[in-house]
Amino acid sequence: MRSTNKRFISALACASAMTALAIADPMGVTKTHQVVQAATDNVPARSAGVDVASWQGTNLTQQAKSGAKFTVVKVSESTNYQNPHAQGQINSAEQNNMMPMGYHYAHFGADSNRAVQEGNYAVSSAQQAGLPQGSYLAADWEQDAHNNTNGGREASANAITSFMDTVHNGGYNPMLYSSEWLLKAKVDTNKVTQKYPNSLWVAAYKTMGRQDQPDYNYFPSMSNVAIWQYTPNWRGQNVDGNVNVLPLSNKSNNANQANTNTLNVNTNGQSSSQAPANPVVNTSNKVVDTNWVKQEGTFTTGGAINLRTGASTNSSIIAQLPANSEVKYDAYSTKGNYTWLRQPRANNQYGYLVGRANGQDWGTFKIAPVANHVTKPTTNTAKPAQNVNKPSQPVHVNTNNNVNNNWTKQNGVFITGGAINLRTGASTNSKVIALLPTNTEIKYDAYRTTGQYTWLRQPRANGQYGYLVGRDNGRAWGTFKAGSAAASKPAQNTNKPSQPVHTNTNNNVNSNWTKQNGVFITGGAINLRTGANTNSEVIALLPTNTEIKYDAYRTTGQYTWLRQPRANGQYGYLVGRNNSNAWGTFKAGSAVSTKPATNNKPAQNTHNNKPATNNSNWTKQNGVFITGGAINLRTGASTNSKVIALLPTNTEIKYDAYRTTGQYTWLRQPRANGQYGYLVGRNNGNAWGTFKVGSAKATTPVVHQNVQKPVATTTNNNATWTKQNGTFITGGAINLRTGASTKSPIIETLPINTVIKYDAYYRAGKYVWLRQPRANGQYGYLVGRLNNQAWGTYR
């Protein structure tokens, strides 16, 4: 399937879209879905279906009239995007007598922890969009810049099943969508289908053009297929065409439905559905008030915990409460191994969450100071029942019996230098409580060195601890805050690291350095390395406009290196100049008057800011220009000059002069150290943005309307193009050309994450070309796919 532009999925997969995070209903009211027509509950085998994303709108009447019996609606992506049209599309499907289904565009790759997070987000998004409980909800697992498909077949299968388990526990029927090639090459599908038989939704296209009916001779040679996506252009309607080779039902359990998949599919007599019994959605709260012990208190969650409509793990999820959520409850009840807390909500309804499991607190209790109140919820003293469903996300407890032996007491603060696991014990085999992101501040009270690792102990609620690696083979995995631990610091030991923090391997890095304290702002993406050498290991790729404090510089050959002090007396090194051309801006006054000198030929072509043109024949004018699209800022007033940066739409540029050369009117932007940047403000008199009112008195740059077109065109640019408006985000550096041919001249090289709006596509051999409308009725052309592999993300 795909994220937003499924047209190009081909034998691999589609793509993805990102927008703003949708917020759950603060009242926590779960939508009850009234299924009006019986046909929206069941679909017989070999029925037609479509899948849609946000860009296809909410009216699905045309697809229904053309014979579609089911619609798969994109509900979410990653953990920060919800399809704004999902609810309208689901409603339209039901109104048009089509069975609604859902899909989530995955970013979790082979990461099972993230898969659970995305699964919970998908379930929540599906509920908010009104997708009925028991409906199919698929993981759309594709190869693109956001989803790592190279994590290994078994690890990928484990992550996918973790997502499907979460969907199953949330009351939906899990499926897996991807291309035939990707599933065979990158996923152990046997592992997935052993747990969820007949759960595959497979894309395999005979042609990229229009196809109205499936050609079963082209059916993917895989078992456990429930749905086949056979075309990206069904009946010429610019939607994906699908056929279900098994009957589908969005009712609670389809175990009794017939296995009719005879198209090379070995179902082994297994059910074609995996949905759990239909979750009990408690909307009346009629049964929740028995066997409850009254107690007013406050519970602070120790991890992510589901808030449900009833005191059962089968009840519908209202919301997922993140760690440190404060919940006021008025009663508790122990059922089996769980102690449930009852949260009063609007309209005399309640929410329910697990506060304890098997006597282990899932957070912190604060009890209201009333004389007759029990101290805190008790748990069953009898052995817990074994038939209760496992809770969605328990807070991890310490299982390492010797975790507090041989620890050196030390109160300190550690700031993570990268993503580090917080675990239940001081062992890499201990359970992961959370993945701490970069720059997380952790207070620890003790440390211990075991083998190559120095572990830090973090006090947590209820006398428990979390444990994380602070050093590996003596190398710090972050920063120990100055003064936080008196004078001592955690010791170290030996062995191969699991997450190395980069250290300096260049032995002579601190010789022949000129001391200078300054601030450098990167003018483009520049590598920060462990030594002043292009062969040294890369610590990080610093994005444009990163502010770096340096304490010394040194010129070696063509490069002037800057030295950045880092934690524990170590350094990072980056190129500040190449052949005297600055690769960014040296902040005024940061280094008194001197600046790093330079030398020779570059090894990494980054932006140099030295103007390639002289500054004579310029008309002085102070103004502000707001870019109307992505425009290159160059080192000179020429399209042949080097690109300093690609300015995105709505960038505000202050200029001090303009000059017209041929068809272009160039604007001059003052930059650091008496240098300039240059950008086109007008082309043949057409403004490429907005000149801010009053910024340049009454005049605006004048343009001479003569000269040649900026780029040459080629012969095939308008032949056999399929119209389609979409957005493509580059997954790496891609050439934008004057024609749909690798021999056409290059207009510019688009950096990674460039957003391109295209209006048509064209297949030429192994390439799928995208056409980008540009000024004056001209176009730019770039490759969107090669051998059906997406070169970025379609939105």
# chains A, B, ... in the order shown; residues from 1 in each chain; ligands from 1
$ residues_around --residues "Asn512 of chain A" --least-positions-apart "5" --cutoff "10 Å" --atoms "only C-alpha atoms" --output "PyMOL selection string"
chain A and resi 552-556
$ residues_around --residues "Ser156 of chain A" --least-positions-apart "5" --cutoff "7 Å" --atoms "only C-alpha atoms" --output "PyMOL selection string"
chain A and resi 109-110+151+187
$ atom_distance --atom1 "atom CA of Gln669 of chain A" --atom2 "atom CA of Trp583 of chain A"
16.5 Å
$ atom_distance --atom1 "atom CA of Lys206 of chain A" --atom2 "atom CA of Ser54 of chain A"
25.7 Å
$ atom_distance --atom1 "atom CA of Gly662 of chain A" --atom2 "atom CA of Asn640 of chain A"
13.8 Å
$ closest_residue --among "A:Gln133, A:Asn622, A:Asn517, A:Asn242" --to "Pro565 of chain A" --atoms "only C-alpha atoms"
A:Asn517
$ closest_residue --among "A:Thr651, A:Arg153, A:Arg795, A:Lys191" --to "Glu77 of chain A" --atoms "only C-alpha atoms"
A:Arg795
$ residues_around --residues "Phe108 of chain A" --least-positions-apart "2" --cutoff "9 Å" --atoms "only C-alpha atoms" --output "VMD selection string"
chain A and resid 78 106 110 to 118 141 146 to 148 156 159 to 160 163
$ write_last_selection --atoms "N, CA, C and O atoms" --output "PDB file, in the first residue's frame"
ATOM      1  N   SER A  78       3.808   6.244  11.436  1.00  0.00           N
ATOM      2  CA  SER A  78       4.788   6.445  12.504  1.00  0.00           C
ATOM      3  C   SER A  78       4.039   6.644  13.823  1.00  0.00           C
ATOM      4  O   SER A  78       3.111   5.912  14.131  1.00  0.00           O
ATOM      5  N   ALA A 106       4.197   2.064   8.347  1.00  0.00           N
ATOM      6  CA  ALA A 106       5.169   1.750   9.394  1.00  0.00           C
ATOM      7  C   ALA A 106       6.497   2.472   9.207  1.00  0.00           C
ATOM      8  O   ALA A 106       6.968   2.649   8.086  1.00  0.00           O
ATOM      9  N   ALA A 110      12.826  -3.021  11.971  1.00  0.00           N
ATOM     10  CA  ALA A 110      13.031  -4.267  12.710  1.00  0.00           C
ATOM     11  C   ALA A 110      13.076  -4.020  14.220  1.00  0.00           C
ATOM     12  O   ALA A 110      13.591  -4.839  14.969  1.00  0.00           O
ATOM     13  N   ASP A 111      12.529  -2.877  14.663  1.00  0.00           N
ATOM     14  CA  ASP A 111      12.569  -2.479  16.068  1.00  0.00           C
ATOM     15  C   ASP A 111      11.248  -2.862  16.740  1.00  0.00           C
ATOM     16  O   ASP A 111      10.225  -2.197  16.536  1.00  0.00           O
ATOM     17  N   SER A 112      11.262  -3.915  17.529  1.00  0.00           N
ATOM     18  CA  SER A 112      10.026  -4.409  18.148  1.00  0.00           C
ATOM     19  C   SER A 112       9.456  -3.428  19.158  1.00  0.00           C
ATOM     20  O   SER A 112       8.230  -3.313  19.299  1.00  0.00           O
ATOM     21  N   ASN A 113      10.321  -2.728  19.903  1.00  0.00           N
ATOM     22  CA  ASN A 113       9.819  -1.749  20.875  1.00  0.00           C
ATOM     23  C   ASN A 113       9.052  -0.637  20.173  1.00  0.00           C
ATOM     24  O   ASN A 113       7.964  -0.238  20.595  1.00  0.00           O
ATOM     25  N   ARG A 114       9.642  -0.128  19.098  1.00  0.00           N
ATOM     26  CA  ARG A 114       8.951   0.925  18.351  1.00  0.00           C
ATOM     27  C   ARG A 114       7.682   0.379  17.685  1.00  0.00           C
ATOM     28  O   ARG A 114       6.683   1.087  17.560  1.00  0.00           O
ATOM     29  N   ALA A 115       7.713  -0.881  17.278  1.00  0.00           N
ATOM     30  CA  ALA A 115       6.535  -1.487  16.659  1.00  0.00           C
ATOM     31  C   ALA A 115       5.346  -1.473  17.611  1.00  0.00           C
ATOM     32  O   ALA A 115       4.210  -1.244  17.196  1.00  0.00           O
ATOM     33  N   VAL A 116       5.614  -1.727  18.892  1.00  0.00           N
ATOM     34  CA  VAL A 116       4.535  -1.682  19.884  1.00  0.00           C
ATOM     35  C   VAL A 116       3.999  -0.258  20.010  1.00  0.00           C
ATOM     36  O   VAL A 116       2.780  -0.036  20.067  1.00  0.00           O
ATOM     37  N   GLN A 117       4.894   0.721  20.034  1.00  0.00           N
ATOM     38  CA  GLN A 117       4.467   2.120  20.110  1.00  0.00           C
ATOM     39  C   GLN A 117       3.603   2.482  18.908  1.00  0.00           C
ATOM     40  O   GLN A 117       2.543   3.110  19.041  1.00  0.00           O
ATOM     41  N   GLU A 118       4.063   2.080  17.725  1.00  0.00           N
ATOM     42  CA  GLU A 118       3.288   2.403  16.521  1.00  0.00           C
ATOM     43  C   GLU A 118       1.968   1.632  16.489  1.00  0.00           C
ATOM     44  O   GLU A 118       0.960   2.134  15.994  1.00  0.00           O
ATOM     45  N   TRP A 141       4.249  -2.124   5.569  1.00  0.00           N
ATOM     46  CA  TRP A 141       5.700  -2.232   5.842  1.00  0.00           C
ATOM     47  C   TRP A 141       6.429  -2.166   4.512  1.00  0.00           C
ATOM     48  O   TRP A 141       6.444  -3.134   3.750  1.00  0.00           O
ATOM     49  N   HIS A 146      12.266   6.085   5.686  1.00  0.00           N
ATOM     50  CA  HIS A 146      11.819   6.114   7.087  1.00  0.00           C
ATOM     51  C   HIS A 146      11.683   4.720   7.698  1.00  0.00           C
ATOM     52  O   HIS A 146      11.478   4.590   8.895  1.00  0.00           O
ATOM     53  N   ASN A 147      11.728   3.694   6.871  1.00  0.00           N
ATOM     54  CA  ASN A 147      11.506   2.339   7.381  1.00  0.00           C
ATOM     55  C   ASN A 147      12.681   1.454   6.977  1.00  0.00           C
ATOM     56  O   ASN A 147      12.849   1.131   5.805  1.00  0.00           O
ATOM     57  N   ASN A 148      13.485   1.082   7.937  1.00  0.00           N
ATOM     58  CA  ASN A 148      14.674   0.279   7.671  1.00  0.00           C
ATOM     59  C   ASN A 148      14.274  -1.174   7.434  1.00  0.00           C
ATOM     60  O   ASN A 148      13.851  -1.866   8.360  1.00  0.00           O
ATOM     61  N   SER A 156      12.927  -8.432  11.572  1.00  0.00           N
ATOM     62  CA  SER A 156      11.813  -7.727  10.930  1.00  0.00           C
ATOM     63  C   SER A 156      10.492  -8.432  11.199  1.00  0.00           C
ATOM     64  O   SER A 156       9.479  -7.801  11.495  1.00  0.00           O
ATOM     65  N   ALA A 159       9.418  -7.725  14.758  1.00  0.00           N
ATOM     66  CA  ALA A 159       8.841  -6.390  14.911  1.00  0.00           C
ATOM     67  C   ALA A 159       7.432  -6.347  14.334  1.00  0.00           C
ATOM     68  O   ALA A 159       6.515  -5.768  14.932  1.00  0.00           O
ATOM     69  N   ILE A 160       7.246  -6.970  13.182  1.00  0.00           N
ATOM     70  CA  ILE A 160       5.921  -6.973  12.546  1.00  0.00           C
ATOM     71  C   ILE A 160       4.901  -7.693  13.419  1.00  0.00           C
ATOM     72  O   ILE A 160       3.780  -7.212  13.611  1.00  0.00           O
ATOM     73  N   PHE A 163       3.858  -5.537  16.292  1.00  0.00           N
ATOM     74  CA  PHE A 163       2.834  -4.575  15.863  1.00  0.00           C
ATOM     75  C   PHE A 163       1.481  -5.273  15.764  1.00  0.00           C
ATOM     76  O   PHE A 163       0.464  -4.776  16.265  1.00  0.00           O
TER      77      PHE A 163
END
$ residues_around --residues "Ile653 of chain A" --least-positions-apart "5" --cutoff "7 Å" --atoms "only C-alpha atoms" --output "list in words"
Val624, Phe625 and Ile626 of chain A
$ closest_residue --among "A:Lys74, A:Lys431, A:Arg448, A:Arg668" --to "Asn406 of chain A" --atoms "only C-alpha atoms"
A:Arg448
$ decode --residues "segment 743-763 of chain A" --atoms "N, CA, C and O atoms" --output "mmCIF file, in the first residue's frame"
data_model
loop_
_atom_site.group_PDB
_atom_site.id
_atom_site.type_symbol
_atom_site.label_atom_id
_atom_site.label_comp_id
_atom_site.auth_asym_id
_atom_site.auth_seq_id
_atom_site.Cartn_x
_atom_site.Cartn_y
_atom_site.Cartn_z
ATOM 1 N N LYS A 743 20.813 11.652 -19.637
ATOM 2 C CA LYS A 743 21.740 12.421 -20.464
ATOM 3 C C LYS A 743 21.369 13.901 -20.515
ATOM 4 O O LYS A 743 22.113 14.714 -21.052
ATOM 5 N N SER A 744 20.204 14.246 -19.984
ATOM 6 C CA SER A 744 19.777 15.653 -19.984
ATOM 7 C C SER A 744 20.629 16.460 -19.015
ATOM 8 O O SER A 744 21.090 15.926 -17.985
ATOM 9 N N PRO A 745 20.847 17.756 -19.296
ATOM 10 C CA PRO A 745 21.649 18.593 -18.394
ATOM 11 C C PRO A 745 21.040 18.652 -16.997
ATOM 12 O O PRO A 745 19.828 18.592 -16.837
ATOM 13 N N ILE A 746 21.912 18.775 -16.004
ATOM 14 C CA ILE A 746 21.475 18.857 -14.607
ATOM 15 C C ILE A 746 21.192 20.316 -14.260
ATOM 16 O O ILE A 746 22.044 21.190 -14.433
ATOM 17 N N ILE A 747 19.987 20.582 -13.790
ATOM 18 C CA ILE A 747 19.640 21.923 -13.300
ATOM 19 C C ILE A 747 20.290 22.137 -11.936
ATOM 20 O O ILE A 747 20.922 23.157 -11.677
ATOM 21 N N GLU A 748 20.116 21.150 -11.048
ATOM 22 C CA GLU A 748 20.740 21.205 -9.726
ATOM 23 C C GLU A 748 20.653 19.813 -9.096
ATOM 24 O O GLU A 748 19.873 18.970 -9.541
ATOM 25 N N THR A 749 21.460 19.581 -8.082
ATOM 26 C CA THR A 749 21.365 18.347 -7.311
ATOM 27 C C THR A 749 20.530 18.628 -6.072
ATOM 28 O O THR A 749 20.890 19.466 -5.239
ATOM 29 N N LEU A 750 19.405 17.936 -5.970
ATOM 30 C CA LEU A 750 18.501 18.141 -4.837
ATOM 31 C C LEU A 750 19.033 17.372 -3.631
ATOM 32 O O LEU A 750 19.248 16.151 -3.721
ATOM 33 N N PRO A 751 19.239 18.023 -2.495
ATOM 34 C CA PRO A 751 19.724 17.290 -1.311
ATOM 35 C C PRO A 751 18.626 16.416 -0.719
ATOM 36 O O PRO A 751 17.450 16.528 -1.085
ATOM 37 N N ILE A 752 19.022 15.535 0.185
ATOM 38 C CA ILE A 752 18.075 14.668 0.871
ATOM 39 C C ILE A 752 16.998 15.505 1.570
ATOM 40 O O ILE A 752 17.253 16.606 2.032
ATOM 41 N N ASN A 753 15.765 15.001 1.592
ATOM 42 C CA ASN A 753 14.607 15.631 2.237
ATOM 43 C C ASN A 753 14.124 16.880 1.523
ATOM 44 O O ASN A 753 13.439 17.703 2.124
ATOM 45 N N THR A 754 14.481 17.034 0.220
ATOM 46 C CA THR A 754 13.904 18.124 -0.564
ATOM 47 C C THR A 754 12.477 17.758 -0.941
ATOM 48 O O THR A 754 12.207 16.648 -1.399
ATOM 49 N N VAL A 755 11.546 18.696 -0.752
ATOM 50 C CA VAL A 755 10.135 18.464 -1.068
ATOM 51 C C VAL A 755 9.862 18.948 -2.488
ATOM 52 O O VAL A 755 10.080 20.123 -2.803
ATOM 53 N N ILE A 756 9.422 18.053 -3.358
ATOM 54 C CA ILE A 756 9.164 18.366 -4.765
ATOM 55 C C ILE A 756 7.690 18.123 -5.067
ATOM 56 O O ILE A 756 7.164 17.034 -4.810
ATOM 57 N N LYS A 757 7.032 19.107 -5.651
ATOM 58 C CA LYS A 757 5.666 18.922 -6.131
ATOM 59 C C LYS A 757 5.738 18.543 -7.609
ATOM 60 O O LYS A 757 6.379 19.240 -8.390
ATOM 61 N N TYR A 758 5.096 17.453 -7.971
ATOM 62 C CA TYR A 758 5.101 17.016 -9.367
ATOM 63 C C TYR A 758 3.670 16.933 -9.884
ATOM 64 O O TYR A 758 2.720 16.821 -9.103
ATOM 65 N N ASP A 759 3.514 17.008 -11.229
ATOM 66 C CA ASP A 759 2.178 16.984 -11.809
ATOM 67 C C ASP A 759 1.955 15.803 -12.752
ATOM 68 O O ASP A 759 0.855 15.619 -13.277
ATOM 69 N N ALA A 760 3.008 14.990 -12.981
ATOM 70 C CA ALA A 760 2.870 13.839 -13.868
ATOM 71 C C ALA A 760 4.069 12.922 -13.669
ATOM 72 O O ALA A 760 5.081 13.322 -13.101
ATOM 73 N N TYR A 761 3.933 11.677 -14.133
ATOM 74 C CA TYR A 761 5.059 10.766 -14.107
ATOM 75 C C TYR A 761 5.135 10.020 -15.430
ATOM 76 O O TYR A 761 4.176 9.967 -16.211
ATOM 77 N N TYR A 762 6.299 9.401 -15.685
ATOM 78 C CA TYR A 762 6.567 8.769 -16.974
ATOM 79 C C TYR A 762 7.549 7.634 -16.766
ATOM 80 O O TYR A 762 8.556 7.794 -16.070
ATOM 81 N N ARG A 763 7.245 6.451 -17.299
ATOM 82 C CA ARG A 763 8.151 5.315 -17.162
ATOM 83 C C ARG A 763 8.980 5.185 -18.426
ATOM 84 O O ARG A 763 8.434 5.101 -19.528
#
